[in-house]
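Content type mmCIF, C-alpha atoms, from the file start14.cif:
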```
data_data
#
loop_
_atom_site.group_PDB
_atom_site.id
_atom_site.type_symbol
_atom_site.label_atom_id
_atom_site.label_comp_id
_atom_site.auth_asym_id
_atom_site.auth_seq_id
_atom_site.Cartn_x
_atom_site.Cartn_y
_atom_site.Cartn_z
ATOM 1 C CA MET A 918 -24.368 -4.330 23.460
ATOM 2 C CA THR A 919 -25.805 -7.203 21.450
ATOM 3 C CA ALA A 920 -26.682 -4.801 18.643
ATOM 4 C CA LEU A 921 -23.081 -3.533 18.594
ATOM 5 C CA TRP A 922 -21.745 -7.056 18.220
ATOM 6 C CA ILE A 923 -24.188 -7.688 15.397
ATOM 7 C CA VAL A 924 -23.038 -4.530 13.611
ATOM 8 C CA LEU A 925 -19.391 -5.464 14.074
ATOM 9 C CA GLY A 926 -20.103 -8.946 12.815
ATOM 10 C CA CYS A 927 -21.788 -7.555 9.723
ATOM 11 C CA VAL A 928 -18.842 -5.238 9.048
ATOM 12 C CA VAL A 929 -16.359 -8.096 9.372
ATOM 13 C CA ALA A 930 -18.482 -10.299 7.127
ATOM 14 C CA LEU A 931 -18.754 -7.560 4.493
ATOM 15 C CA ALA A 932 -15.005 -6.910 4.617
ATOM 16 C CA ALA A 933 -14.227 -10.622 4.283
ATOM 17 C CA GLY A 934 -16.684 -10.910 1.424
ATOM 18 C CA LEU A 935 -15.084 -7.957 -0.364
ATOM 19 C CA LEU A 936 -11.618 -9.484 -0.014
ATOM 20 C CA LEU A 937 -12.890 -12.796 -1.377
ATOM 21 C CA PHE A 938 -14.522 -11.020 -4.307
ATOM 22 C CA LEU A 939 -11.376 -9.070 -5.164
ATOM 23 C CA ASN A 940 -9.241 -12.180 -4.782
ATOM 24 C CA GLY A 941 -11.502 -14.042 -7.185
ATOM 25 C CA PHE A 942 -11.430 -11.140 -9.629
ATOM 26 C CA VAL A 943 -7.637 -11.043 -10.017
ATOM 27 C CA ASN A 944 -6.906 -14.752 -9.700
ATOM 28 C CA GLN A 945 -7.597 -17.633 -12.060
ATOM 29 C CA ARG A 946 -9.324 -20.819 -11.004
ATOM 30 C CA GLY A 947 -8.203 -24.196 -12.207
ATOM 31 C CA VAL A 948 -4.489 -23.437 -12.295
ATOM 32 C CA ALA A 949 -2.437 -26.222 -10.710
ATOM 33 C CA ARG A 950 -0.781 -25.381 -7.415
ATOM 34 C CA LEU A 951 3.004 -25.482 -7.412
ATOM 35 C CA ASN A 952 3.222 -28.232 -4.796
ATOM 36 C CA LYS A 953 0.758 -30.348 -6.783
ATOM 37 C CA ARG A 954 2.553 -29.925 -10.105
ATOM 38 C CA ILE A 955 6.094 -30.439 -8.823
ATOM 39 C CA ARG A 956 7.265 -32.736 -6.064
ATOM 40 C CA PHE A 957 10.378 -30.939 -4.882
ATOM 41 C CA THR A 958 13.099 -32.955 -3.149
ATOM 42 C CA LYS A 959 16.150 -32.013 -1.099
ATOM 43 C CA ASP A 960 18.288 -32.544 -4.216
ATOM 44 C CA ASP A 961 16.595 -29.796 -6.231
ATOM 45 C CA ARG A 962 18.425 -26.571 -7.019
ATOM 46 C CA ILE A 963 16.916 -23.297 -8.223
ATOM 47 C CA LEU A 964 18.442 -20.804 -10.661
ATOM 48 C CA TYR A 965 16.709 -17.621 -11.721
ATOM 49 C CA VAL A 966 17.861 -15.645 -14.745
ATOM 50 C CA VAL A 967 16.670 -12.057 -15.187
ATOM 51 C CA ALA A 968 17.818 -8.868 -16.870
ATOM 52 C CA HIS A 969 17.767 -6.266 -14.085
ATOM 53 C CA PRO A 970 17.892 -5.789 -10.339
ATOM 54 C CA ASP A 971 14.193 -5.758 -9.278
ATOM 55 C CA ASP A 972 13.094 -8.296 -11.942
ATOM 56 C CA GLU A 973 12.963 -10.969 -9.248
ATOM 57 C CA THR A 974 10.229 -9.106 -7.373
ATOM 58 C CA LEU A 975 7.275 -10.759 -9.137
ATOM 59 C CA MET A 976 8.517 -14.223 -8.157
ATOM 60 C CA SER A 977 10.099 -13.386 -4.804
ATOM 61 C CA GLY A 978 7.287 -15.005 -2.830
ATOM 62 C CA THR A 979 7.833 -18.291 -4.664
ATOM 63 C CA LEU A 980 11.596 -18.062 -4.232
ATOM 64 C CA SER A 981 11.088 -17.479 -0.502
ATOM 65 C CA LEU A 982 8.846 -20.544 -0.279
ATOM 66 C CA LEU A 983 11.366 -22.733 -2.084
ATOM 67 C CA LYS A 984 14.153 -21.576 0.210
ATOM 68 C CA ARG A 985 12.288 -21.558 3.517
ATOM 69 C CA LYS A 986 9.841 -24.452 3.126
ATOM 70 C CA TYR A 987 11.996 -26.837 1.133
ATOM 71 C CA GLY A 988 15.471 -25.571 2.042
ATOM 72 C CA LEU A 989 16.593 -25.523 -1.595
ATOM 73 C CA PRO A 990 19.754 -23.780 -2.792
ATOM 74 C CA VAL A 991 18.898 -20.697 -4.882
ATOM 75 C CA LYS A 992 21.221 -18.849 -7.249
ATOM 76 C CA ALA A 993 20.490 -15.491 -8.875
ATOM 77 C CA LEU A 994 21.827 -14.378 -12.252
ATOM 78 C CA TYR A 995 21.322 -10.759 -13.310
ATOM 79 C CA LEU A 996 22.509 -9.846 -16.780
ATOM 80 C CA THR A 997 22.758 -6.078 -16.211
ATOM 81 C CA HIS A 998 23.186 -3.686 -13.291
ATOM 82 C CA GLY A 999 20.091 -1.732 -14.325
ATOM 83 C CA GLU A 1000 22.149 1.433 -14.600
ATOM 84 C CA ASP A 1001 19.807 3.042 -17.142
ATOM 85 C CA GLY A 1002 16.739 2.908 -14.931
ATOM 86 C CA PRO A 1003 15.077 5.673 -12.911
ATOM 87 C CA THR A 1004 16.724 6.997 -9.736
ATOM 88 C CA PHE A 1005 13.680 8.218 -7.760
ATOM 89 C CA ASP A 1006 15.884 11.284 -7.069
ATOM 90 C CA LEU A 1007 17.906 9.284 -4.544
ATOM 91 C CA VAL A 1008 21.214 9.340 -6.425
ATOM 92 C CA PRO A 1009 22.606 11.000 -9.538
ATOM 93 C CA LYS A 1010 22.405 8.889 -12.666
ATOM 94 C CA SER A 1011 26.157 8.332 -12.484
ATOM 95 C CA GLY A 1012 25.722 6.649 -9.101
ATOM 96 C CA LEU A 1013 22.800 4.410 -10.016
ATOM 97 C CA LYS A 1014 24.858 1.336 -10.891
ATOM 98 C CA GLU A 1015 26.530 1.341 -7.493
ATOM 99 C CA ARG A 1016 23.275 2.019 -5.665
ATOM 100 C CA ARG A 1017 21.369 -0.756 -7.452
ATOM 101 C CA THR A 1018 24.202 -3.180 -6.712
ATOM 102 C CA GLN A 1019 23.832 -2.197 -3.055
ATOM 103 C CA GLU A 1020 20.084 -2.821 -3.250
ATOM 104 C CA LEU A 1021 20.773 -6.290 -4.624
ATOM 105 C CA GLY A 1022 22.826 -6.970 -1.522
ATOM 106 C CA TYR A 1023 19.695 -6.374 0.551
ATOM 107 C CA VAL A 1024 17.732 -8.697 -1.749
ATOM 108 C CA LYS A 1025 20.328 -11.442 -1.336
ATOM 109 C CA GLU A 1026 19.935 -11.184 2.424
ATOM 110 C CA ILE A 1027 16.124 -11.073 2.375
ATOM 111 C CA LEU A 1028 15.829 -14.108 0.081
ATOM 112 C CA SER A 1029 18.756 -15.945 1.743
ATOM 113 C CA LEU A 1030 20.276 -16.553 -1.685
ATOM 114 C CA ASP A 1031 23.184 -18.966 -1.862
ATOM 115 C CA GLU A 1032 24.800 -17.277 -4.846
ATOM 116 C CA MET A 1033 24.321 -14.060 -6.773
ATOM 117 C CA VAL A 1034 26.059 -13.130 -10.027
ATOM 118 C CA VAL A 1035 25.603 -9.782 -11.764
ATOM 119 C CA LYS A 1036 26.887 -9.474 -15.323
ATOM 120 C CA ASP A 1037 27.767 -6.164 -16.907
ATOM 121 C CA TYR A 1038 25.796 -6.103 -20.146
ATOM 122 C CA PRO A 1039 24.422 -2.628 -20.926
ATOM 123 C CA ASP A 1040 21.010 -1.933 -19.452
ATOM 124 C CA ARG A 1041 18.257 -1.346 -22.036
ATOM 125 C CA TYR A 1042 20.497 -2.703 -24.796
ATOM 126 C CA LEU A 1043 20.703 -6.387 -23.875
ATOM 127 C CA ALA A 1044 18.801 -7.311 -27.039
ATOM 128 C CA ASN A 1045 21.488 -5.558 -29.102
ATOM 129 C CA GLN A 1046 24.278 -7.724 -27.739
ATOM 130 C CA ASP A 1047 25.549 -10.833 -29.463
ATOM 131 C CA PHE A 1048 23.009 -13.474 -28.437
ATOM 132 C CA GLY A 1049 25.629 -16.211 -28.490
ATOM 133 C CA ASP A 1050 27.713 -14.220 -26.020
ATOM 134 C CA VAL A 1051 24.732 -13.720 -23.703
ATOM 135 C CA CYS A 1052 23.953 -17.437 -23.906
ATOM 136 C CA GLY A 1053 27.573 -18.171 -23.103
ATOM 137 C CA ALA A 1054 27.354 -16.132 -19.916
ATOM 138 C CA VAL A 1055 24.140 -17.926 -18.907
ATOM 139 C CA ARG A 1056 25.652 -21.299 -19.780
ATOM 140 C CA LYS A 1057 28.697 -20.680 -17.597
ATOM 141 C CA GLU A 1058 26.622 -19.885 -14.517
ATOM 142 C CA THR A 1059 24.150 -22.688 -15.213
ATOM 143 C CA GLU A 1060 26.779 -25.377 -15.641
ATOM 144 C CA SER A 1061 28.628 -24.309 -12.509
ATOM 145 C CA PHE A 1062 25.446 -24.528 -10.398
ATOM 146 C CA ARG A 1063 23.645 -27.422 -12.124
ATOM 147 C CA PRO A 1064 20.073 -26.336 -11.312
ATOM 148 C CA THR A 1065 17.123 -28.685 -11.560
ATOM 149 C CA TYR A 1066 14.660 -25.818 -12.151
ATOM 150 C CA VAL A 1067 15.127 -22.454 -13.850
ATOM 151 C CA PHE A 1068 12.938 -19.381 -13.295
ATOM 152 C CA THR A 1069 12.922 -16.567 -15.848
ATOM 153 C CA PHE A 1070 10.845 -14.399 -18.199
ATOM 154 C CA ASP A 1071 8.752 -15.565 -21.124
ATOM 155 C CA GLU A 1072 10.352 -15.336 -24.580
ATOM 156 C CA ASN A 1073 7.464 -13.475 -26.250
ATOM 157 C CA ILE A 1074 6.961 -10.192 -24.469
ATOM 158 C CA GLY A 1075 9.099 -10.288 -21.330
ATOM 159 C CA MET A 1076 6.097 -9.620 -19.051
ATOM 160 C CA TYR A 1077 5.138 -6.282 -20.609
ATOM 161 C CA GLY A 1078 7.272 -5.622 -23.679
ATOM 162 C CA HIS A 1079 10.784 -5.003 -22.372
ATOM 163 C CA THR A 1080 13.326 -6.354 -24.881
ATOM 164 C CA ASP A 1081 15.905 -6.961 -22.126
ATOM 165 C CA HIS A 1082 13.408 -9.267 -20.418
ATOM 166 C CA VAL A 1083 12.728 -11.124 -23.653
ATOM 167 C CA THR A 1084 16.441 -11.652 -24.248
ATOM 168 C CA ALA A 1085 16.971 -12.942 -20.717
ATOM 169 C CA GLY A 1086 14.090 -15.398 -21.135
ATOM 170 C CA ARG A 1087 15.304 -16.566 -24.530
ATOM 171 C CA ALA A 1088 18.839 -17.158 -23.270
ATOM 172 C CA ALA A 1089 17.683 -18.988 -20.138
ATOM 173 C CA VAL A 1090 15.440 -21.324 -22.147
ATOM 174 C CA ALA A 1091 18.098 -21.934 -24.804
ATOM 175 C CA ILE A 1092 20.614 -23.035 -22.185
ATOM 176 C CA ALA A 1093 18.102 -25.014 -20.117
ATOM 177 C CA LYS A 1094 17.322 -27.120 -23.189
ATOM 178 C CA ASP A 1095 20.882 -28.400 -23.264
ATOM 179 C CA CYS A 1096 21.531 -28.679 -19.531
ATOM 180 C CA GLU A 1097 21.045 -32.266 -18.386
ATOM 181 C CA SER A 1098 20.443 -31.310 -14.762
ATOM 182 C CA VAL A 1099 17.416 -29.147 -15.636
ATOM 183 C CA ARG A 1100 14.012 -30.787 -15.272
ATOM 184 C CA GLY A 1101 11.888 -27.779 -16.120
ATOM 185 C CA VAL A 1102 11.587 -24.022 -16.622
ATOM 186 C CA PHE A 1103 9.163 -21.619 -14.904
ATOM 187 C CA GLN A 1104 8.390 -18.393 -16.754
ATOM 188 C CA MET A 1105 6.681 -15.517 -14.954
ATOM 189 C CA THR A 1106 3.244 -14.665 -16.269
ATOM 190 C CA LEU A 1107 -0.128 -13.243 -15.203
ATOM 191 C CA PRO A 1108 -3.696 -14.591 -15.233
ATOM 192 C CA SER A 1109 -6.248 -12.668 -17.259
ATOM 193 C CA GLY A 1110 -7.678 -10.889 -14.200
ATOM 194 C CA MET A 1111 -4.336 -9.463 -13.148
ATOM 195 C CA LEU A 1112 -3.452 -8.611 -16.738
ATOM 196 C CA ASN A 1113 -6.731 -6.775 -17.271
ATOM 197 C CA LEU A 1114 -6.176 -4.830 -14.072
ATOM 198 C CA ALA A 1115 -2.612 -3.988 -15.129
ATOM 199 C CA MET A 1116 -3.877 -2.666 -18.452
ATOM 200 C CA LYS A 1117 -6.211 -0.325 -16.566
ATOM 201 C CA VAL A 1118 -3.921 0.993 -13.833
ATOM 202 C CA SER A 1119 -0.385 0.656 -15.199
ATOM 203 C CA LYS A 1120 0.901 3.144 -17.759
ATOM 204 C CA THR A 1121 3.777 0.758 -18.516
ATOM 205 C CA PHE A 1122 1.400 -2.032 -19.529
ATOM 206 C CA ARG A 1123 -0.897 0.271 -21.486
ATOM 207 C CA GLU A 1124 1.960 1.699 -23.524
ATOM 208 C CA ARG A 1125 4.139 -1.387 -23.999
ATOM 209 C CA TYR A 1126 2.025 -4.532 -23.804
ATOM 210 C CA ASP A 1127 1.212 -6.000 -27.225
ATOM 211 C CA PRO A 1128 -1.567 -8.626 -27.022
ATOM 212 C CA SER A 1129 -0.449 -10.125 -30.345
ATOM 213 C CA HIS A 1130 2.791 -11.150 -28.619
ATOM 214 C CA GLY A 1131 1.176 -11.644 -25.243
ATOM 215 C CA LEU A 1132 2.017 -13.561 -22.119
ATOM 216 C CA PRO A 1133 1.632 -17.346 -22.072
ATOM 217 C CA GLY A 1134 -1.310 -18.599 -20.055
ATOM 218 C CA PRO A 1135 -0.397 -19.726 -16.548
ATOM 219 C CA ASN A 1136 -0.380 -23.425 -15.747
ATOM 220 C CA VAL A 1137 1.167 -23.199 -12.270
ATOM 221 C CA ALA A 1138 0.269 -20.943 -9.338
ATOM 222 C CA CYS A 1139 2.087 -20.503 -6.047
ATOM 223 C CA ASN A 1140 0.231 -19.220 -2.996
ATOM 224 C CA ILE A 1141 2.615 -16.741 -1.383
ATOM 225 C CA TYR A 1142 0.504 -15.314 1.446
ATOM 226 C CA ARG A 1143 2.661 -16.876 4.181
ATOM 227 C CA TYR A 1144 5.755 -15.466 2.459
ATOM 228 C CA SER A 1145 4.335 -12.072 1.562
ATOM 229 C CA LYS A 1146 6.542 -10.269 4.065
ATOM 230 C CA TYR A 1147 9.577 -11.335 2.043
ATOM 231 C CA ARG A 1148 8.034 -10.177 -1.224
ATOM 232 C CA LEU A 1149 7.182 -6.816 0.304
ATOM 233 C CA ALA A 1150 10.687 -6.514 1.757
ATOM 234 C CA VAL A 1151 12.237 -7.282 -1.642
ATOM 235 C CA THR A 1152 9.952 -4.733 -3.299
ATOM 236 C CA LYS A 1153 10.938 -2.059 -0.778
ATOM 237 C CA ALA A 1154 14.642 -2.931 -1.055
ATOM 238 C CA HIS A 1155 14.660 -1.475 -4.571
ATOM 239 C CA LYS A 1156 14.215 2.085 -3.331
ATOM 240 C CA THR A 1157 15.513 3.669 -6.538
ATOM 241 C CA GLN A 1158 12.823 1.779 -8.430
ATOM 242 C CA THR A 1159 9.899 2.829 -6.233
ATOM 243 C CA ALA A 1160 8.085 4.421 -9.180
ATOM 244 C CA VAL A 1161 8.474 1.209 -11.192
ATOM 245 C CA MET A 1162 7.255 -0.883 -8.265
ATOM 246 C CA ARG A 1163 4.184 1.324 -7.945
ATOM 247 C CA GLU A 1164 3.465 0.736 -11.620
ATOM 248 C CA LEU A 1165 3.784 -3.039 -11.413
ATOM 249 C CA GLN A 1166 2.273 -3.454 -7.934
ATOM 250 C CA PRO A 1167 -0.212 -0.584 -7.543
ATOM 251 C CA TYR A 1168 -0.803 0.586 -3.960
ATOM 252 C CA PHE A 1169 1.612 -1.941 -2.442
ATOM 253 C CA ASP A 1170 2.963 0.810 -0.181
ATOM 254 C CA ARG A 1171 -0.445 2.232 0.773
ATOM 255 C CA ILE A 1172 -2.476 -0.835 1.695
ATOM 256 C CA PRO A 1173 -1.586 -2.963 4.768
ATOM 257 C CA ARG A 1174 0.307 -6.098 3.794
ATOM 258 C CA TRP A 1175 -2.250 -8.486 5.283
ATOM 259 C CA ILE A 1176 -4.967 -6.931 3.099
ATOM 260 C CA TYR A 1177 -2.914 -6.440 -0.068
ATOM 261 C CA TYR A 1178 -1.656 -10.003 -0.177
ATOM 262 C CA ALA A 1179 -5.007 -11.459 0.805
ATOM 263 C CA ILE A 1180 -6.025 -10.211 -2.635
ATOM 264 C CA PHE A 1181 -2.788 -10.689 -4.583
ATOM 265 C CA ASP A 1182 -1.906 -13.948 -2.866
ATOM 266 C CA ARG A 1183 -0.496 -15.898 -5.821
ATOM 267 C CA GLU A 1184 2.362 -15.765 -8.284
ATOM 268 C CA TYR A 1185 1.796 -17.376 -11.668
ATOM 269 C CA PHE A 1186 4.057 -19.221 -14.068
ATOM 270 C CA PHE A 1187 4.060 -20.969 -17.403
ATOM 271 C CA TYR A 1188 5.887 -24.222 -16.709
ATOM 272 C CA ARG A 1189 7.450 -26.619 -19.198
ATOM 273 C CA THR A 1190 9.596 -29.669 -18.720
ATOM 274 C CA ARG A 1191 12.950 -29.673 -20.475
ATOM 275 C CA ALA A 1192 11.540 -32.025 -23.108
ATOM 276 C CA GLU A 1193 8.782 -29.503 -23.866
ATOM 277 C CA LEU A 1194 11.107 -26.551 -24.450
#
```
Serialized structure, structure tokens:
Amino acid sequence: MTALWIVLGCVVALAAGLLLFLNGFVNQRGVARLNKRIRFTKDDRILYVVAHPDDETLMSGTLSLLKRKYGLPVKALYLTHGEDGPTFDLVPKSGLKERRTQELGYVKEILSLDEMVVKDYPDRYLANQDFGDVCGAVRKETESFRPTYVFTFDENIGMYGHTDHVTAGRAAVAIAKDCESVRGVFQMTLPSGMLNLAMKVSKTFRERYDPSHGLPGPNVACNIYRYSKYRLAVTKAHKTQTAVMRELQPYFDRIPRWIYYAIFDREYFFYRTRAEL
């Protein structure tokens, strides 16, 4: 019996060691924790600006923390309905807009969002629209909500080279610069470990990511382990985008949540104050 306990102990120790190794491989040391970088107060308000339904997924753990730990109001702004995306054979292409709008309804419930606005710019062609008009739409929703912090994409590569993402990030930053209520902007990014892994396992990253216009280095990290159930629920809510989710979060639907998010337990951002924009 003693020998059995020793064997079990060794197995547990090896498993824990493997998780720690993998966690260290994908994460980046020395990045300031969110609660150390920013002292949130009850008066703070969060706005996120993205291009498509499902773009919020990679920051949904952080959004859940801000809502559930700090009780902050959160508003979502989507610039398209994502009607040109894949369907996962769940609906005909003609029904995708309606279905993705329905999926956003589930996301609003999961994240307990206070407001959600979905604009009707054409999916995949956001960069071809008049930039002043896009900025006007972002300005309207920003001024009506008066956020203190804005979450969005970077302006260089839009995570992996999607021009809609780049346009959303550019517009959000342009408006945040002029909005007196805004204290800072968080832009989604990845540490080198996660980026290197993405380049190996994700066809999307391999084909579209251009290192010469790469992601900004992270300077803020948010530990999302306690809120991982909300991130997983948001990921699964976008059923029509399951193939995309598998590209961006490999094996999320095959590995138990407590293991998966023990490894991928942080979301990363490039943060700047309004004066630094």
Top pick for closest residue to Asn1113 of chain A, considering A:Gln1158, A:Asn944, A:Asn1073, A:Ser1029 and counting only C-alpha atoms
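Comparing A:Gln1158, A:Asn944, A:Asn1073, A:Ser1029 against Asn1113 of chain A, the winner is A:Asn944.
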Quick one: distance from atom CA of Cys1052 of chain A to atom CA of Tyr1188 of chain A in Å, one decimal?
20.6 Å
Could you name the residues that touch Asp1127 of chain A at 10 Å or less, counting all atoms listed in the file, but leaving out those on the same chain fewer than 6 positions away, as a list of chain:residue names?
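Using all atoms listed in the file, the neighbours found are A:Asn1073, A:Ile1074, A:Tyr1077, A:Gly1078.
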Given the selection you just returned, output its residues as a file containing C-alpha atoms, formatted as a short mmCIF file (atom, residue, chain, number, x, y, z; two decimals), in the frame of the given file.
```cif
data_model
loop_
_atom_site.label_atom_id
_atom_site.label_comp_id
_atom_site.auth_asym_id
_atom_site.auth_seq_id
_atom_site.Cartn_x
_atom_site.Cartn_y
_atom_site.Cartn_z
CA ASN A 1073 7.46 -13.48 -26.25
CA ILE A 1074 6.96 -10.19 -24.47
CA TYR A 1077 5.14 -6.28 -20.61
CA GLY A 1078 7.27 -5.62 -23.68
#
```
Atomic separation - atom CA of Leu994 of chain A relative to atom CA of Lys1010 of chain A, Å
23.3 Å
Of the listed residues A:Thr1157, A:Gln945, A:Gln1166, A:Thr1065, that which approaches Asp1001 of chain A most closely, counting only C-alpha atoms:
A:Thr1157
Return the single residue from A:Leu989, A:Ala1054, A:Ile1180, A:Val1024 that is closest to Met1111 of chain A, with distances computed using all atoms listed in the file.
A:Ile1180
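Checking A:Leu1107, A:Ala1091, A:Leu1149, A:Val1137 one by one against Lys953 of chain A, counting all atoms listed in the file, you find the shortest gap at A:Val1137.
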Counting all atoms listed in the file, which of A:Trp1175, A:Phe1048, A:Tyr995, A:Phe1122 gets nearest to Val1161 of chain A?
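Nearest candidate to Val1161 of chain A out of A:Trp1175, A:Phe1048, A:Tyr995, A:Phe1122: A:Phe1122.
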Any chance you could resolve the PyMOL selection byres ((chain A and resi 1031-1040) around 10) against this file and give the residues as a PyMOL selection string?
chain A and resi 963-970+984+989-1002+1014+1018+1021-1022+1024-1026+1028-1030+1041-1046+1051+1054-1055+1058+1062+1081
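Atom to atom, atom CA of Ile1141 of chain A and atom CA of Gly1101 of chain A stand 20.6 Å apart.
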Considering all atoms listed in the file, can you say which of A:Phe938, A:Phe1181, A:Asp972, A:Lys1156 comes closest to Gly1086 of chain A?
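Residue with the minimum atom-to-atom distance to Gly1086 of chain A: A:Asp972.
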Would you pick out the contacts of Met1076 of chain A at 8 Å or less, using all atoms listed in the file, so that residues sharing its chain but fewer than 2 positions from it are not included, and give the list as a VMD selection string?
chain A and resid 1070 to 1071 1074 1078 to 1079 1082 1105 to 1106 1132
Spatial neighbours of Tyr1144 of chain A, max dist 8 Å, all atoms listed in the file, sep filter under 6 positions, as a list in words
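Contacts, with the query itself left out: Gly978, Thr979, Ser981 and Leu982 of chain A.
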Could you tell me which residues the PyMOL selection byres ((chain A and resi 1097) around 12) returns for this structure, as a list in words?
Arg1056, Thr1059, Glu1060, Phe1062, Arg1063, Pro1064, Thr1065, Tyr1066, Ile1092, Ala1093, Lys1094, Asp1095, Cys1096, Ser1098, Val1099, Arg1100, Gly1101, Thr1190, Arg1191 and Ala1192 of chain A
Given the file shown, enumerate the residues that the PyMOL selection byres ((chain A and resi 948) around 6) captures and present them as a ChimeraX atom specification.
/A:946-947,949,1136-1137
Tell me, as a ChimeraX atom specification, which residues lie within 6 Å of Phe1187 of chain A, counting all atoms listed in the file; anything in the same chain fewer than 2 positions away does not count.
/A:1103-1104,1135-1136
Would you give the centre and edge lengths, in Å to one decimal, of a box along x, y and z around the listed atoms of segment 1044-1058 of chain A, with 4 Å added to each side, as lines of an AutoDock Vina configuration file?
```
center_x = 23.7
center_y = -13.4
center_z = -22.0
size_x = 17.9
size_y = 23.7
size_z = 22.9
```
